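Structure file model_27.txt; described as compact mmCIF, C-alpha atoms and all ligand atoms.
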# COMPACT_ATOMS: atom_id res chain seq x y z
CA LEU W 1 20.79 8.00 16.84
CA LEU W 2 18.46 9.77 19.22
CA LEU W 3 15.48 9.34 16.91
CA GLU W 4 16.52 5.75 16.29
CA ASN W 5 16.45 4.90 19.99
CA ARG W 6 13.20 6.76 20.34
CA LEU W 7 11.66 4.64 17.58
CA TRP W 8 12.25 1.36 19.40
CA LEU W 9 10.60 2.86 22.46
CA ALA W 10 7.73 4.05 20.28
CA LEU W 11 7.00 0.51 19.15
CA GLU W 12 7.14 -0.75 22.73
CA GLN W 13 4.85 2.01 23.95
CA GLY W 14 2.27 1.67 21.20
CA GLU W 15 2.82 5.07 19.58
CA PHE W 16 2.32 3.81 16.03
CA GLU W 17 -1.03 3.77 14.27
CA LEU W 18 -2.15 2.54 10.86
CA TYR W 19 -4.01 5.20 8.93
CA LEU W 20 -6.20 3.99 6.08
CA GLN W 21 -6.66 5.68 2.72
CA PRO W 22 -9.73 4.46 0.82
CA GLN W 23 -9.35 2.92 -2.62
CA VAL W 24 -12.41 3.27 -4.85
CA ALA W 25 -13.76 1.55 -7.94
CA LEU W 26 -13.88 4.16 -10.70
CA ASP W 27 -17.08 2.83 -12.29
CA ASP W 28 -19.32 3.63 -9.32
CA LEU W 29 -16.93 5.18 -6.76
CA ARG W 30 -17.70 2.58 -4.10
CA ILE W 31 -14.94 1.92 -1.58
CA ILE W 32 -13.32 -1.41 -2.36
CA GLY W 33 -10.58 -1.27 0.25
CA ALA W 34 -7.76 0.81 1.64
CA GLU W 35 -4.02 1.27 1.78
CA ALA W 36 -2.53 1.13 5.27
CA LEU W 37 -0.16 4.04 5.91
CA LEU W 38 1.87 4.14 9.08
CA ARG W 39 1.82 7.13 11.45
CA TRP W 40 3.76 7.84 14.63
CA HIS W 41 2.15 9.73 17.48
CA HIS W 42 5.25 11.36 18.91
CA PRO W 43 4.62 12.68 22.45
CA GLU W 44 6.17 16.07 21.64
CA LEU W 45 6.25 16.34 17.84
CA GLY W 46 2.69 15.15 17.29
CA LEU W 47 1.79 13.11 14.23
CA VAL W 48 4.90 12.08 12.30
CA GLY W 49 4.70 10.64 8.78
CA PRO W 50 6.58 7.61 7.48
CA ASP W 51 8.96 9.62 5.30
CA ARG W 52 10.52 10.85 8.54
CA PHE W 53 11.03 7.49 10.23
CA ILE W 54 10.83 4.59 7.73
CA PRO W 55 14.36 5.31 6.41
CA ILE W 56 15.71 5.30 9.97
CA ALA W 57 13.74 2.16 10.80
CA GLU W 58 15.23 0.51 7.71
CA GLU W 59 18.74 1.53 8.66
CA SER W 60 18.43 0.33 12.24
CA GLY W 61 16.61 -2.93 11.61
CA LEU W 62 13.55 -1.74 13.52
CA ILE W 63 11.64 -2.13 10.25
CA LEU W 64 11.48 -5.89 10.85
CA PRO W 65 9.56 -5.84 14.16
CA LEU W 66 7.69 -2.72 12.99
CA GLY W 67 6.76 -4.43 9.72
CA ASP W 68 5.56 -7.46 11.67
CA TRP W 69 3.43 -5.15 13.81
CA VAL W 70 1.95 -3.54 10.70
CA LEU W 71 1.03 -6.94 9.26
CA GLN W 72 -0.52 -8.00 12.55
CA GLN W 73 -2.61 -4.82 12.70
CA ALA W 74 -3.66 -5.29 9.08
CA VAL W 75 -4.82 -8.86 9.65
CA GLU W 76 -6.69 -7.77 12.79
CA LEU W 77 -8.46 -5.06 10.82
CA LEU W 78 -9.49 -7.53 8.12
CA ALA W 79 -10.71 -10.00 10.75
CA GLY W 80 -12.72 -7.24 12.44
CA TRP W 81 -14.34 -6.15 9.17
CA ARG W 82 -15.27 -9.73 8.45
CA ALA W 83 -16.74 -10.23 11.90
CA ARG W 84 -18.84 -7.06 11.55
CA GLY W 85 -20.03 -7.85 8.05
CA LEU W 86 -18.47 -4.77 6.49
CA GLY W 87 -18.07 -6.52 3.18
CA ARG W 88 -15.12 -7.94 1.32
CA LEU W 89 -12.76 -5.02 1.73
CA ARG W 90 -9.16 -5.33 0.59
CA LEU W 91 -6.32 -3.98 2.68
CA ALA W 92 -3.00 -3.06 1.05
CA VAL W 93 0.16 -2.95 3.15
CA ASN W 94 3.56 -1.55 2.17
CA LEU W 95 6.64 -3.74 2.41
CA SER W 96 10.03 -2.09 2.68
CA ALA W 97 13.20 -3.31 1.00
CA ARG W 98 14.63 -4.81 4.14
CA GLN W 99 11.50 -6.91 4.64
CA CYS W 100 12.11 -8.51 1.26
CA HIS W 101 15.52 -9.74 2.30
CA GLY W 102 16.25 -12.61 4.67
CA ALA W 103 13.32 -14.85 5.43
CA GLY W 104 10.89 -12.08 4.62
CA PRO W 105 7.49 -11.81 6.25
CA LEU W 106 6.32 -15.31 5.25
CA ALA W 107 6.57 -16.93 8.68
CA GLN W 108 4.76 -14.03 10.30
CA LEU W 109 2.06 -14.10 7.63
CA ASP W 110 1.53 -17.84 8.00
CA ARG W 111 1.15 -17.45 11.73
CA LEU W 112 -1.27 -14.55 11.37
CA LEU W 113 -3.40 -16.04 8.61
CA ALA W 114 -3.68 -19.43 10.32
CA GLY W 115 -5.56 -17.93 13.24
CA ALA W 116 -7.51 -15.13 11.61
CA GLY W 117 -10.04 -16.94 9.44
CA ILE W 118 -9.76 -14.32 6.69
CA ASP W 119 -9.45 -14.72 2.95
CA PRO W 120 -5.75 -14.14 2.12
CA ALA W 121 -6.85 -12.57 -1.17
CA LEU W 122 -8.10 -9.57 0.82
CA LEU W 123 -4.55 -8.83 1.91
CA GLU W 124 -2.38 -7.11 -0.66
CA LEU W 125 1.30 -6.41 -0.24
CA GLU W 126 2.78 -3.41 -2.04
CA ILE W 127 6.40 -3.51 -3.00
CA THR W 128 8.15 -0.64 -4.73
CA GLU W 129 10.23 -1.20 -7.81
CA SER W 130 13.33 0.06 -6.05
CA ALA W 131 12.82 -2.24 -3.05
CA ALA W 132 12.25 -5.25 -5.29
CA MET W 133 15.35 -4.51 -7.33
CA GLN W 134 17.73 -4.43 -4.36
CA ASP W 135 17.65 -8.21 -4.59
CA PRO W 136 15.57 -9.17 -7.61
CA GLU W 137 15.92 -12.93 -7.26
CA ARG W 138 14.95 -12.98 -3.59
CA SER W 139 12.07 -10.63 -4.28
CA ARG W 140 10.91 -12.82 -7.13
CA LEU W 141 10.82 -15.85 -4.84
CA LEU W 142 9.10 -13.90 -2.06
CA LEU W 143 6.37 -12.64 -4.38
CA ARG W 144 5.87 -16.16 -5.69
CA GLU W 145 5.52 -17.51 -2.15
CA LEU W 146 3.06 -14.76 -1.24
CA ARG W 147 0.92 -15.50 -4.27
CA ALA W 148 1.08 -19.24 -3.57
CA ARG W 149 -0.65 -18.40 -0.28
CA GLY W 150 -3.36 -16.46 -2.11
CA ILE W 151 -2.04 -13.09 -0.95
CA LYS W 152 -2.19 -10.37 -3.61
CA VAL W 153 0.90 -8.52 -4.75
CA ALA W 154 1.04 -4.99 -6.17
CA ILE W 155 4.02 -3.14 -7.57
CA ASP W 156 4.06 0.34 -6.04
CA ASP W 157 5.21 3.60 -7.64
CA PHE W 158 5.08 1.91 -11.03
CA GLY W 159 7.08 3.71 -13.70
CA THR W 160 9.51 5.45 -11.37
CA GLY W 161 12.21 2.76 -11.33
CA TYR W 162 15.06 2.29 -13.76
CA SER W 163 13.56 -0.51 -15.81
CA SER W 164 9.92 -0.80 -14.96
CA LEU W 165 9.19 -3.08 -17.87
CA SER W 166 11.67 -5.67 -16.68
CA TYR W 167 9.74 -5.97 -13.40
CA LEU W 168 6.70 -7.03 -15.34
CA LYS W 169 8.76 -9.77 -16.91
CA LEU W 170 10.55 -10.82 -13.74
CA PHE W 171 7.81 -10.76 -11.11
CA GLU W 172 4.46 -12.48 -10.83
CA LEU W 173 2.03 -9.73 -9.87
CA ASP W 174 -1.65 -9.01 -9.44
CA ARG W 175 -1.76 -5.25 -9.72
CA ILE W 176 0.28 -2.22 -10.57
CA LYS W 177 -0.06 1.14 -8.85
CA ILE W 178 0.48 4.00 -11.24
CA ASP W 179 2.68 6.48 -9.44
CA ARG W 180 1.16 9.83 -8.60
CA SER W 181 3.98 11.66 -10.38
CA PHE W 182 2.37 10.53 -13.66
CA VAL W 183 -1.18 11.24 -12.54
CA LYS W 184 -0.36 14.75 -11.35
CA ASP W 185 -0.02 16.36 -14.80
CA ILE W 186 -2.35 14.10 -16.79
CA GLU W 187 -4.42 17.12 -17.82
CA SER W 188 -1.58 19.45 -18.78
CA ASP W 189 1.22 17.21 -20.02
CA PRO W 190 0.36 15.21 -23.15
CA ASN W 191 3.34 12.92 -22.52
CA ASP W 192 2.09 11.97 -19.07
CA ALA W 193 -1.37 11.33 -20.49
CA VAL W 194 0.10 8.99 -23.12
CA ILE W 195 2.30 7.22 -20.57
CA VAL W 196 -0.63 6.61 -18.24
CA GLU W 197 -2.90 5.43 -21.03
CA ALA W 198 -0.23 3.05 -22.36
CA THR W 199 0.56 1.76 -18.87
CA ILE W 200 -3.09 0.88 -18.26
CA ALA W 201 -3.30 -0.91 -21.61
CA LEU W 202 -0.02 -2.74 -21.00
CA ALA W 203 -1.12 -3.89 -17.55
CA HIS W 204 -4.44 -5.15 -18.85
CA SER W 205 -2.75 -6.98 -21.72
CA LEU W 206 -0.65 -8.78 -19.13
CA GLY W 207 -3.74 -9.65 -17.07
CA LEU W 208 -2.89 -7.20 -14.30
CA ALA W 209 -5.28 -4.88 -12.50
CA VAL W 210 -4.48 -1.18 -12.18
CA VAL W 211 -4.92 1.32 -9.38
CA ALA W 212 -3.96 4.95 -9.86
CA GLU W 213 -2.66 6.88 -6.89
CA GLY W 214 -2.56 10.57 -6.10
CA VAL W 215 -5.86 11.40 -7.82
CA GLU W 216 -6.69 14.94 -6.75
CA THR W 217 -9.09 16.28 -9.39
CA ALA W 218 -12.30 15.19 -11.08
CA ALA W 219 -10.59 15.63 -14.45
CA GLN W 220 -7.88 13.16 -13.48
CA ARG W 221 -10.54 10.74 -12.25
CA ASP W 222 -12.52 11.04 -15.49
CA PHE W 223 -9.43 10.59 -17.64
CA LEU W 224 -8.42 7.44 -15.76
CA ARG W 225 -11.92 6.01 -15.93
CA ALA W 226 -12.12 6.73 -19.66
CA LYS W 227 -8.85 4.89 -20.20
CA GLY W 228 -10.12 1.81 -18.36
CA CYS W 229 -8.31 2.20 -15.05
CA GLU W 230 -10.52 0.32 -12.62
CA GLU W 231 -9.49 1.73 -9.25
CA ALA W 232 -8.05 4.88 -7.75
CA GLN W 233 -6.87 6.45 -4.55
CA GLY W 234 -6.19 10.07 -3.71
CA TYR W 235 -7.22 13.24 -1.95
CA LEU W 236 -10.17 13.69 -4.33
CA PHE W 237 -11.82 10.72 -2.63
CA ALA W 238 -10.28 10.77 0.83
CA ARG W 239 -7.07 11.39 2.74
CA PRO W 240 -5.47 8.74 4.91
CA MET W 241 -7.49 8.55 8.16
CA PRO W 242 -7.73 6.56 11.38
CA ALA W 243 -9.39 3.15 11.05
CA LEU W 244 -12.47 4.30 12.96
CA ALA W 245 -13.05 7.14 10.50
CA PHE W 246 -12.60 4.76 7.58
CA GLU W 247 -15.10 2.34 9.08
CA ALA W 248 -17.57 5.18 9.60
CA LEU W 249 -17.45 5.83 5.84
CA LEU W 250 -18.55 2.24 5.29
CA GLN W 251 -21.49 2.21 7.66
CA PRO W 252 -24.03 3.58 5.17
CA LEU W 253 -22.94 0.89 2.73
CA ALA W 254 -23.31 -1.82 5.36
CA LYS W 255 -26.85 -0.63 6.20
CA ARG W 256 -27.92 -0.58 2.58
CA ALA W 257 -26.51 -4.06 1.90
O1 LIG W 301 1.47 8.09 4.41
P1 LIG W 301 2.34 8.76 3.43
O2 LIG W 301 1.48 9.09 2.28
O3 LIG W 301 3.06 9.96 3.93
O4 LIG W 301 3.45 7.65 3.08
C1 LIG W 301 4.72 7.98 2.62
C2 LIG W 301 5.48 6.75 2.26
O5 LIG W 301 5.69 5.90 3.37
C3 LIG W 301 4.76 5.93 1.22
O6 LIG W 301 5.57 5.88 0.09
C4 LIG W 301 4.60 4.58 1.80
O7 LIG W 301 5.00 3.59 0.86
C5 LIG W 301 5.52 4.56 3.00
N1 LIG W 301 4.86 3.81 4.06
C6 LIG W 301 3.70 4.11 4.68
N2 LIG W 301 3.35 3.17 5.57
C7 LIG W 301 4.32 2.22 5.50
C8 LIG W 301 4.53 0.96 6.16
O8 LIG W 301 3.75 0.49 6.98
N3 LIG W 301 5.66 0.27 5.82
C9 LIG W 301 6.55 0.73 4.90
N4 LIG W 301 7.62 -0.01 4.65
N5 LIG W 301 6.37 1.89 4.25
C10 LIG W 301 5.28 2.63 4.54
O1 LIG W 302 3.29 4.06 -0.81
P1 LIG W 302 3.10 5.43 -1.38
O2 LIG W 302 4.26 6.32 -1.43
O3 LIG W 302 2.48 5.34 -2.73
O4 LIG W 302 2.05 6.05 -0.37
C1 LIG W 302 1.12 6.97 -0.74
C2 LIG W 302 1.56 8.35 -0.31
O5 LIG W 302 0.90 9.31 -1.11
C3 LIG W 302 1.24 8.68 1.11
O6 LIG W 302 2.22 9.54 1.57
C4 LIG W 302 -0.09 9.42 0.97
O7 LIG W 302 -0.35 10.27 2.07
C5 LIG W 302 0.16 10.19 -0.29
N1 LIG W 302 -1.05 10.52 -1.02
C6 LIG W 302 -2.18 9.82 -1.07
N2 LIG W 302 -3.08 10.42 -1.88
C7 LIG W 302 -2.47 11.53 -2.35
C8 LIG W 302 -2.88 12.57 -3.23
O8 LIG W 302 -3.98 12.59 -3.77
N3 LIG W 302 -1.98 13.56 -3.48
C9 LIG W 302 -0.75 13.57 -2.93
N4 LIG W 302 0.06 14.57 -3.23
N5 LIG W 302 -0.32 12.61 -2.08
C10 LIG W 302 -1.18 11.60 -1.80
NA NA W 303 2.34 2.26 -1.13
MN MN W 304 3.15 4.75 -4.46

Spit out the file's structure as structure tokens when you get a sec.
Ligand code: G
Ligand code: G
Ligand code: NA
Ligand code: MN
Amino acid sequence: LLLENRLWLALEQGEFELYLQPQVALDDLRIIGAEALLRWHHPELGLVGPDRFIPIAEESGLILPLGDWVLQQAVELLAGWRARGLGRLRLAVNLSARQCHGAGPLAQLDRLLAGAGIDPALLELEITESAAMQDPERSRLLLRELRARGIKVAIDDFGTGYSSLSYLKLFELDRIKIDRSFVKDIESDPNDAVIVEATIALAHSLGLAVVAEGVETAAQRDFLRAKGCEEAQGYLFARPMPALAFEALLQPLAKRA
């Protein structure tokens, strides 16, 4: 309860920050965008990761105003990149289960996108299989509404749910994110290698793009590229970082362009 109360205060006092982890195209390793990952600057504990507070925020309902804040920050980042000519970068944002219930984030998104002058296709919402399956029909409608607005939709942690294939049938998607638990042992576990290869092929057959997460080694990168995976994210390329650091990575690109 203490942490819960502290979290509401944290939102009020501006202690949250969106870190950005670059996503790269595997053919030439250029940065094509980023995933936004929430961090909490706790006055005493220092930097606190989302695994510590997202579950509490979900439980308490704080996730709704916090999720709205995250979306607002994301749209502001995209608008800033556009204004500064940093290229057509995509920004992926995580949605939690609770945000997929009720009215969802549609009203907030409509409000934000109306004023921002950005291409909605540069905003991608990531929803995990488990979040989507808490209320499959509502999630299906939400994803449809998002895509009707031109917003991209990715299924996160693909392969870790109970019936991953049924999500592909149920939901209209743009991209799947191969979970890092499959990527981790690509080199040593022949089963994981086969699963990843088949997942990429399946996604492409369905007209979906693929991003692999948790790429930590050059061998994993090369395997994924050889199997036709177009994008990746992971410590090999970059860790999640403050927006300013991410933008600094882009500067050389902007100058060359
Ligand atoms: O940043 P880190 O790699 O520690 O993220 C851990 C988990 O927290 C990830 O699975 C991610 O989906 C989740 N997460 C990070 N940022 C957000 C956010 O803004 N909203 C929600 N709902 N989940 C987030
Ligand atoms: O939403 P999701 O759980 O997929 O969020 C990504 C999480 O994975 C974040 O906690 C992020 O910090 C973490 N992450 C990103 N890249 C890597 C990586 O290369 N290796 C590992 N172990 N974790 C990573
Ligand atoms: Na994610
Ligand atoms: Mn994931």

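Atom CA of W:Val70 sits 15.0 Å away from atom CA of W:Ala116.
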
Could you give me, as JSON lines, a per-residue list for chain W showing, wherever an atom lies at most 6 Å from an atom of ligand LIG 302 (chain W), the closest pair of atoms and their distance in Å to one decimal, using all atoms listed in the file and sorting by chain then residue number from low to high?
{"residue": "W:Asp157", "atom": "CA", "partner": "W:LIG302", "partner_atom": "O3", "distance": 5.9}
{"residue": "W:Gly214", "atom": "CA", "partner": "W:LIG302", "partner_atom": "O8", "distance": 3.4}
{"residue": "W:Val215", "atom": "CA", "partner": "W:LIG302", "partner_atom": "O8", "distance": 4.6}
{"residue": "W:Glu216", "atom": "CA", "partner": "W:LIG302", "partner_atom": "O8", "distance": 4.7}
{"residue": "W:Gly234", "atom": "CA", "partner": "W:LIG302", "partner_atom": "O8", "distance": 3.4}
{"residue": "W:Tyr235", "atom": "CA", "partner": "W:LIG302", "partner_atom": "O8", "distance": 3.8}

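Minimum distance to W:Ile186 across W:Ala97, W:Leu7, W:Leu224, W:Leu45 (counting only C-alpha atoms) occurs at W:Leu224.
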
Distance criterion (only C-alpha atoms): nearest to W:Gly87 out of W:Leu122, W:Leu71, W:Val24, W:Leu109:
W:Leu122

List every residue of chain W that has an atom at most 6 Å from any atom of ligand LIG 301 (chain W), and for each one report the closest atom pair and its distance in Å to one decimal, counting all atoms listed in the file, with rows sorted by chain and then by increasing residue number, as a tab-separated table.
residue	atom	partner	partner_atom	distance
W:Leu37	CA	W:LIG301	N2	3.6
W:Leu38	CA	W:LIG301	N2	3.9
W:Gly49	CA	W:LIG301	O3	5.2
W:Pro50	CA	W:LIG301	O5	4.5
W:Asp51	CA	W:LIG301	C1	5.3
W:Val70	CA	W:LIG301	O8	5.8
W:Asn94	CA	W:LIG301	N3	4.6
W:Leu95	CA	W:LIG301	N4	4.5
W:Ser96	CA	W:LIG301	N4	3.7

Tell me which of W:Phe223, W:Phe237, W:Trp81, W:Tyr162 sits closest to W:Gln134, counting only C-alpha atoms.
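The answer is W:Tyr162, which sits nearest to W:Gln134.
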
Within 8 Å of ligand MN 304 (chain W), which residues of chain W come that close, and what is the closest atom pair and distance in Å for each? Count only C-alpha atoms and all ligand atoms and give it as a Markdown table.
| residue | atom | partner | partner_atom | distance |
| --- | --- | --- | --- | --- |
| W:Thr128 | CA | W:MN304 | MN | 7.4 |
| W:Asp156 | CA | W:MN304 | MN | 4.8 |
| W:Asp157 | CA | W:MN304 | MN | 4.0 |
| W:Phe158 | CA | W:MN304 | MN | 7.4 |
| W:Lys177 | CA | W:MN304 | MN | 6.5 |
| W:Ile178 | CA | W:MN304 | MN | 7.3 |
| W:Asp179 | CA | W:MN304 | MN | 5.3 |
| W:Arg180 | CA | W:MN304 | MN | 6.8 |
| W:Glu213 | CA | W:MN304 | MN | 6.6 |

Which residues come within 10 Å of W:Ile176, counting all atoms listed in the file, excluding same-chain residues fewer than 3 positions away, as a ChimeraX atom specification?
/W:126-128,153-159,168,173,179,199-200,203-204,208-212

How many Å lie between atom CA of W:Ala34 and atom CA of W:Arg90, rounded to one decimal?
6.4 Å

Separation of atom CA of W:Pro120 and atom CA of W:Ile151, in Å?
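Between these atoms lies a distance of 4.9 Å.
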
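For the choices W:Glu129, W:Asp68, W:Asp28, W:Glu197, the atom-to-atom distance to ligand NA 303 (chain W) is smallest for W:Glu129 when using all atoms listed in the file.
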
Which of these residues is nearest to ligand NA 303 (chain W), using all atoms listed in the file: W:Cys100, W:Leu62, W:Leu112, W:Ala131?
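Once distances to ligand NA 303 (chain W) are computed over all atoms listed in the file, the minimum belongs to W:Ala131.
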
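Take the candidates W:Asp192, W:Asp110, W:Glu59, W:Glu124 and check each one against ligand NA 303 (chain W) using all atoms listed in the file; the shortest distance goes to W:Glu124.
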
Polymer residues at most 12 Å from W:Leu113, only C-alpha atoms, same-chain spacing of 6 or more positions, as a ChimeraX atom specification
/W:71-76,78-79,105-107,119-123,146,149-151

Can you tell me which residues surround W:Asp222 at a distance of at most 9 Å, considering only C-alpha atoms, apart from same-chain residues fewer than 5 positions away, and format the answer as an MDAnalysis selection string?
chainID W and resid 26 217 227

Excluding W:Glu12 and any residue of its chain fewer than 5 positions from it, enumerate the residues within 12 Å of it, using all atoms listed in the file, and give them as JSON, numbers by chain.
{"W": [5, 6, 7, 62, 65, 66, 69]}

Selected stretch 167-181 of chain W, written as a short mmCIF file (atom, residue, chain, number, x, y, z; two decimals), in the first residue's frame, N, CA, C and O atoms:
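Result written to part03.cif:
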data_model
loop_
_atom_site.label_atom_id
_atom_site.label_comp_id
_atom_site.auth_asym_id
_atom_site.auth_seq_id
_atom_site.Cartn_x
_atom_site.Cartn_y
_atom_site.Cartn_z
N TYR W 167 -4.04 -16.21 -31.54
CA TYR W 167 -4.01 -14.75 -31.59
C TYR W 167 -3.88 -14.27 -33.03
O TYR W 167 -4.44 -13.25 -33.40
N LEU W 168 -3.11 -15.03 -33.79
CA LEU W 168 -2.90 -14.63 -35.18
C LEU W 168 -4.21 -14.70 -35.96
O LEU W 168 -4.43 -13.97 -36.91
N LYS W 169 -5.06 -15.63 -35.53
CA LYS W 169 -6.35 -15.78 -36.19
C LYS W 169 -7.34 -14.72 -35.71
O LYS W 169 -8.12 -14.17 -36.47
N LEU W 170 -7.27 -14.43 -34.42
CA LEU W 170 -8.27 -13.57 -33.79
C LEU W 170 -8.03 -12.08 -34.05
O LEU W 170 -8.96 -11.32 -34.27
N PHE W 171 -6.75 -11.68 -33.99
CA PHE W 171 -6.44 -10.25 -33.99
C PHE W 171 -5.88 -9.79 -35.33
O PHE W 171 -5.12 -10.50 -35.97
N GLU W 172 -6.24 -8.56 -35.69
CA GLU W 172 -5.62 -7.92 -36.85
C GLU W 172 -4.37 -7.19 -36.36
O GLU W 172 -4.45 -6.32 -35.51
N LEU W 173 -3.23 -7.58 -36.91
CA LEU W 173 -1.94 -7.10 -36.41
C LEU W 173 -1.08 -6.56 -37.54
O LEU W 173 -1.38 -6.78 -38.72
N ASP W 174 -0.03 -5.86 -37.15
CA ASP W 174 0.97 -5.41 -38.12
C ASP W 174 2.29 -6.13 -37.94
O ASP W 174 3.03 -6.34 -38.89
N ARG W 175 2.59 -6.49 -36.68
CA ARG W 175 3.93 -7.00 -36.40
C ARG W 175 3.88 -7.97 -35.23
O ARG W 175 3.03 -7.85 -34.36
N ILE W 176 4.78 -8.92 -35.23
CA ILE W 176 4.95 -9.72 -34.02
C ILE W 176 6.37 -9.51 -33.49
O ILE W 176 7.31 -9.31 -34.26
N LYS W 177 6.46 -9.52 -32.17
CA LYS W 177 7.76 -9.41 -31.51
C LYS W 177 8.12 -10.79 -30.98
O LYS W 177 7.45 -11.29 -30.07
N ILE W 178 9.16 -11.37 -31.53
CA ILE W 178 9.60 -12.68 -31.05
C ILE W 178 10.21 -12.52 -29.67
O ILE W 178 11.14 -11.72 -29.48
N ASP W 179 9.69 -13.25 -28.72
CA ASP W 179 10.12 -13.08 -27.34
C ASP W 179 11.59 -13.47 -27.16
O ASP W 179 12.09 -14.39 -27.78
N ARG W 180 12.24 -12.75 -26.26
CA ARG W 180 13.67 -12.98 -26.09
C ARG W 180 13.98 -14.34 -25.50
O ARG W 180 15.10 -14.83 -25.62
N SER W 181 13.00 -15.00 -24.89
CA SER W 181 13.26 -16.35 -24.37
C SER W 181 13.56 -17.33 -25.50
O SER W 181 14.25 -18.33 -25.28
#
